[in-house]
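Engineer: As input, take run27.cif (mmCIF, C-alpha atoms):
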data_entry
#
loop_
_atom_site.label_atom_id
_atom_site.label_comp_id
_atom_site.auth_asym_id
_atom_site.auth_seq_id
_atom_site.Cartn_x
_atom_site.Cartn_y
_atom_site.Cartn_z
CA MET A 30 26.73 165.35 142.79
CA SER A 31 29.67 163.93 144.61
CA ALA A 32 29.80 160.46 146.12
CA SER A 33 29.59 161.79 149.69
CA GLU A 34 26.51 163.86 148.92
CA HIS A 35 24.86 160.92 147.20
CA SER A 36 25.36 158.55 150.15
CA PHE A 37 23.81 160.94 152.67
CA GLN A 38 20.59 161.71 150.85
CA ARG A 39 17.40 161.34 152.86
CA GLY A 40 15.15 158.44 152.07
CA ALA A 41 12.09 159.04 149.97
CA GLY A 42 8.88 159.64 151.91
CA VAL A 43 10.59 160.89 155.10
CA SER A 44 10.48 164.62 155.45
CA ARG A 45 12.32 166.70 157.99
CA GLY A 46 9.25 167.03 160.19
CA ASP A 47 8.62 163.26 160.35
CA ALA A 48 12.16 162.21 161.25
CA PRO A 49 12.14 162.95 165.04
CA ALA A 50 8.72 161.35 165.56
CA ALA A 51 9.73 158.21 163.67
CA LEU A 52 12.99 158.05 165.58
CA GLY A 53 11.20 158.35 168.93
CA ARG A 54 8.78 155.54 168.09
CA GLU A 55 11.67 153.25 167.20
CA GLU A 56 13.62 154.00 170.40
CA ARG A 57 10.78 153.47 172.89
CA PRO A 58 10.39 149.69 172.40
CA SER A 59 14.15 149.20 172.50
CA ARG A 60 14.37 151.16 175.78
CA ARG A 61 11.64 149.02 177.32
CA LEU A 62 13.34 145.87 176.10
CA ARG A 63 16.67 147.04 177.53
CA LEU A 64 14.98 147.79 180.88
CA LEU A 65 13.37 144.35 180.93
CA GLU A 66 16.67 142.66 180.09
CA SER A 67 18.41 144.63 182.84
CA ILE A 68 15.78 143.61 185.38
CA VAL A 69 16.14 139.95 184.38
CA LEU A 70 19.93 140.14 184.65
CA VAL A 71 19.79 141.79 188.08
CA ALA A 72 17.30 139.15 189.27
CA ALA A 73 19.55 136.34 187.99
CA ALA A 74 22.60 137.89 189.67
CA LEU A 75 20.67 138.26 192.92
CA LEU A 76 19.54 134.64 192.76
CA LEU A 77 23.09 133.42 192.17
CA GLY A 78 24.38 135.58 195.02
CA VAL A 79 21.81 134.20 197.47
CA ALA A 80 22.51 130.62 196.34
CA THR A 81 26.26 131.10 196.81
CA VAL A 82 25.86 132.52 200.31
CA ASN A 83 23.48 129.70 201.22
CA ASP A 84 25.93 127.07 199.97
CA VAL A 85 28.88 128.60 201.84
CA VAL A 86 26.91 128.78 205.10
CA ARG A 87 25.72 125.17 204.70
CA GLN A 88 29.24 123.90 204.04
CA THR A 89 30.57 125.83 207.05
CA HIS A 90 28.01 124.16 209.30
CA ILE A 91 28.88 120.72 207.90
CA ASN A 92 32.61 121.29 208.47
CA HIS A 93 31.93 122.50 212.02
CA ARG A 94 29.85 119.39 212.68
CA LEU A 95 32.49 117.00 211.27
CA VAL A 96 35.25 118.54 213.40
CA ALA A 97 32.99 118.09 216.44
CA ASP A 98 32.33 114.46 215.41
CA LEU A 99 36.04 113.64 215.32
CA ARG A 100 36.52 115.37 218.68
CA THR A 101 33.58 113.38 220.09
CA TRP A 102 35.05 110.04 218.92
CA ARG A 103 38.41 110.88 220.49
CA ALA A 104 36.81 111.90 223.79
CA TYR A 105 34.50 108.85 223.86
CA THR A 106 37.27 106.31 223.17
CA GLY A 107 40.16 108.06 224.91
CA HIS A 108 42.32 107.53 221.80
CA ASP A 109 43.90 110.50 220.07
CA TYR A 110 43.93 108.85 216.64
CA ARG A 111 44.01 111.11 213.61
CA ARG A 112 43.03 108.64 210.89
CA LEU A 113 39.31 108.25 211.45
CA SER A 114 36.63 107.80 208.83
CA ALA A 115 33.49 109.90 208.97
CA SER A 116 30.46 109.21 206.81
CA GLN A 117 27.44 111.44 206.38
CA ASP A 118 23.81 110.55 205.78
CA PHE A 119 23.29 112.03 202.30
CA ARG A 120 20.19 109.97 201.53
CA HIS A 121 17.96 111.41 204.23
CA HIS A 122 19.63 114.85 204.57
CA THR A 123 20.03 114.52 208.33
CA THR A 124 22.77 115.66 210.70
CA ARG A 125 23.53 112.07 211.63
CA GLU A 126 27.08 110.88 211.02
CA VAL A 127 29.03 107.68 211.66
CA VAL A 128 32.67 107.94 212.76
CA CYS A 129 34.82 104.79 212.76
CA GLY A 130 38.33 104.24 214.04
CA ASN A 131 40.62 101.50 215.33
CA THR A 132 40.31 100.39 218.95
CA SER A 133 44.08 99.87 219.19
CA PRO A 134 47.04 101.49 217.41
CA GLY A 135 47.72 100.41 213.83
CA PRO A 136 47.02 101.32 210.22
CA PRO A 137 43.43 102.29 209.37
CA LYS A 138 41.05 99.30 209.42
CA ALA A 139 43.88 96.93 210.43
CA ARG A 140 42.39 96.41 213.90
CA VAL A 141 38.88 96.05 215.32
CA GLN A 142 37.05 99.31 214.71
CA LEU A 143 34.56 101.14 216.88
CA CYS A 144 31.93 103.04 214.92
CA LEU A 145 29.89 105.68 216.72
CA LEU A 146 26.52 106.96 215.59
CA ILE A 147 26.67 110.69 216.31
CA THR A 148 23.62 112.97 216.27
CA GLY A 149 22.37 116.30 217.56
CA PRO A 150 23.74 119.81 217.66
CA VAL A 151 27.31 120.79 218.50
CA SER A 152 27.62 121.69 222.16
CA ARG A 153 30.98 122.71 223.65
CA GLY A 154 32.77 121.31 220.60
CA ARG A 155 31.18 117.86 220.79
CA ARG A 156 28.01 116.05 219.78
CA THR A 157 25.90 113.27 221.29
CA VAL A 158 26.79 109.60 220.80
CA SER A 159 23.46 107.87 220.32
CA GLY A 160 24.74 104.40 219.51
CA GLY A 161 27.34 102.41 217.66
CA TRP A 162 28.85 99.05 216.76
CA TYR A 163 32.13 97.24 216.20
CA LEU A 164 33.65 96.07 212.93
CA PRO A 165 36.19 93.26 212.43
CA PRO A 166 39.64 94.14 211.03
CA HIS A 167 39.94 94.86 207.29
CA ARG A 168 36.19 95.27 206.80
CA GLU A 169 34.14 98.14 205.43
CA ASN A 170 31.24 99.62 207.38
CA LEU A 171 28.59 97.34 205.89
CA THR A 172 25.60 95.97 207.81
CA GLY A 173 26.70 92.34 207.46
CA TYR A 174 30.00 92.91 209.30
CA ARG A 175 28.66 94.86 212.29
CA TYR A 176 28.46 93.30 215.74
CA ALA A 177 28.00 94.26 219.42
CA CYS A 178 25.61 97.10 218.63
CA PHE A 179 24.56 99.49 221.37
CA GLY A 180 22.21 102.43 221.79
CA HIS A 181 20.01 103.50 218.89
CA ALA A 182 21.82 101.08 216.57
CA VAL A 183 20.05 98.22 218.38
CA ALA A 184 16.65 99.88 218.21
CA GLU A 185 17.11 100.69 214.50
CA ARG A 186 18.34 97.16 213.78
CA THR A 187 21.42 98.35 211.92
CA CYS A 188 23.32 95.24 213.02
CA PRO A 189 22.53 91.69 211.94
CA ARG A 190 23.95 90.04 215.06
#
Mind converting the file's structure to structure tokens?

Structural biologist:
Amino acid sequence: MSASEHSFQRGAGVSRGDAPAALGREERPSRRLRLLESIVLVAAALLLGVATVNDVVRQTHINHRLVADLRTWRAYTGHDYRRLSASQDFRHHTTREVVCGNTSPGPPKARVQLCLLITGPVSRGRRTVSGGWYLPPHRENLTGYRYACFGHAVAERTCPR
């Protein structure tokens, strides 16, 4: 008996008639497992696709809103300043933003700043100013520095003075 004939001998106890039936029983669970794995992978891919689309749409709406906020500040003040600061309300997940900018020309925060509380939907490229306050030069937008509040800022007591 040659080496090649010896290595291809059938195992003991398995006859020619039993081989296809045994093979079929072994393949069925692996086919079911492969089908289950495929379904799980397709579901995961679908979930990631939906999450990506949702995130892109959300970010597009936020960008649209922030552009409208800057346009609103420029229209409200009559100043065409480009270096404005816009802050979003991340804590409460609202569409309420605060946009601050100098009241006279100069470097950012070097002059008195007007901060506008902007809310509502975008309409004709702008949003509604619902209130605001002033900040002294070289100060951050912190409650202790705010003064001359107006609109909803007074009702919400966002200014100490």

Engineer: Would you work out the distance separating atom CA of A:Glu169 from atom CA of A:Glu126, expressed in Å to one decimal?

Structural biologist: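 Between atom CA of A:Glu169 and atom CA of A:Glu126 the gap is 15.6 Å.
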
Engineer: Which one is closest to A:Ala182: A:Asn83, A:Arg168, A:Arg155, A:Leu145? Count only C-alpha atoms.

Structural biologist: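 Distance minimum relative to A:Ala182 lands on A:Leu145.
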
Engineer: In Å, with one decimal, what is the gap from atom CA of A:His90 to atom CA of A:Tyr163?

Structural biologist: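 Calculated distance between atom CA of A:His90 and atom CA of A:Tyr163 is 28.1 Å.
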
Engineer: Can you pull out the residues contacting A:Arg94? Cut-off 12 Å, using only C-alpha atoms, and skip same-chain residues under 2 positions away; I want them as an MDAnalysis selection string.

Structural biologist: chainID A and resid 87:92 96:101 115:117 123:128 147:157

Engineer: Evaluate the PyMOL selection byres ((chain A and resi 177) around 10) on the structure here and hand back the selected residues as a PyMOL selection string.

Structural biologist: chain A and resi 143+161-164+175-176+178-179+182-183+188-190

Engineer: Run the PyMOL selection byres ((chain A and resi 130) around 8) against the file shown and list the residues it catches, as an MDAnalysis selection string.

Structural biologist: chainID A and resid 110 112:114 128:129 131:132 137:138 142:144

Engineer: What does the distance between atom CA of A:Val86 and atom CA of A:Asp118 come to in Å, to one decimal place?

Structural biologist: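 Taking atom CA of A:Val86 as the start and atom CA of A:Asp118 as the end point, the length is 18.5 Å.
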
Engineer: Kindly complete stretch 86-98 of chain A to N, CA and C atoms; the output should be written as a PDB file, keeping the file's coordinate frame.

Structural biologist:
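And here is the file that came out, out-v2.pdb:
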ATOM      1  N   VAL A  86      27.362 128.933 203.714  1.00  0.00           N
ATOM      2  CA  VAL A  86      26.910 128.780 205.100  1.00  0.00           C
ATOM      3  C   VAL A  86      26.647 127.311 205.417  1.00  0.00           C
ATOM      4  N   ARG A  87      26.002 126.608 204.504  1.00  0.00           N
ATOM      5  CA  ARG A  87      25.720 125.170 204.700  1.00  0.00           C
ATOM      6  C   ARG A  87      27.003 124.376 204.849  1.00  0.00           C
ATOM      7  N   GLN A  88      27.977 124.624 203.978  1.00  0.00           N
ATOM      8  CA  GLN A  88      29.240 123.900 204.040  1.00  0.00           C
ATOM      9  C   GLN A  88      30.001 124.229 205.320  1.00  0.00           C
ATOM     10  N   THR A  89      29.927 125.450 205.782  1.00  0.00           N
ATOM     11  CA  THR A  89      30.570 125.830 207.050  1.00  0.00           C
ATOM     12  C   THR A  89      29.974 125.057 208.203  1.00  0.00           C
ATOM     13  N   HIS A  90      28.657 124.922 208.224  1.00  0.00           N
ATOM     14  CA  HIS A  90      28.010 124.160 209.300  1.00  0.00           C
ATOM     15  C   HIS A  90      28.391 122.685 209.234  1.00  0.00           C
ATOM     16  N   ILE A  91      28.482 122.127 208.044  1.00  0.00           N
ATOM     17  CA  ILE A  91      28.880 120.720 207.900  1.00  0.00           C
ATOM     18  C   ILE A  91      30.302 120.528 208.396  1.00  0.00           C
ATOM     19  N   ASN A  92      31.217 121.400 208.008  1.00  0.00           N
ATOM     20  CA  ASN A  92      32.610 121.290 208.470  1.00  0.00           C
ATOM     21  C   ASN A  92      32.702 121.403 209.983  1.00  0.00           C
ATOM     22  N   HIS A  93      31.947 122.331 210.562  1.00  0.00           N
ATOM     23  CA  HIS A  93      31.930 122.500 212.020  1.00  0.00           C
ATOM     24  C   HIS A  93      31.446 121.225 212.704  1.00  0.00           C
ATOM     25  N   ARG A  94      30.409 120.617 212.133  1.00  0.00           N
ATOM     26  CA  ARG A  94      29.850 119.390 212.680  1.00  0.00           C
ATOM     27  C   ARG A  94      30.842 118.229 212.574  1.00  0.00           C
ATOM     28  N   LEU A  95      31.539 118.101 211.441  1.00  0.00           N
ATOM     29  CA  LEU A  95      32.490 117.000 211.270  1.00  0.00           C
ATOM     30  C   LEU A  95      33.689 117.130 212.207  1.00  0.00           C
ATOM     31  N   VAL A  96      34.158 118.339 212.430  1.00  0.00           N
ATOM     32  CA  VAL A  96      35.250 118.540 213.400  1.00  0.00           C
ATOM     33  C   VAL A  96      34.780 118.129 214.790  1.00  0.00           C
ATOM     34  N   ALA A  97      33.554 118.479 215.141  1.00  0.00           N
ATOM     35  CA  ALA A  97      32.990 118.090 216.440  1.00  0.00           C
ATOM     36  C   ALA A  97      32.828 116.569 216.527  1.00  0.00           C
ATOM     37  N   ASP A  98      32.468 115.923 215.417  1.00  0.00           N
ATOM     38  CA  ASP A  98      32.330 114.460 215.410  1.00  0.00           C
ATOM     39  C   ASP A  98      33.657 113.769 215.703  1.00  0.00           C
TER      40      ASP A  98
END
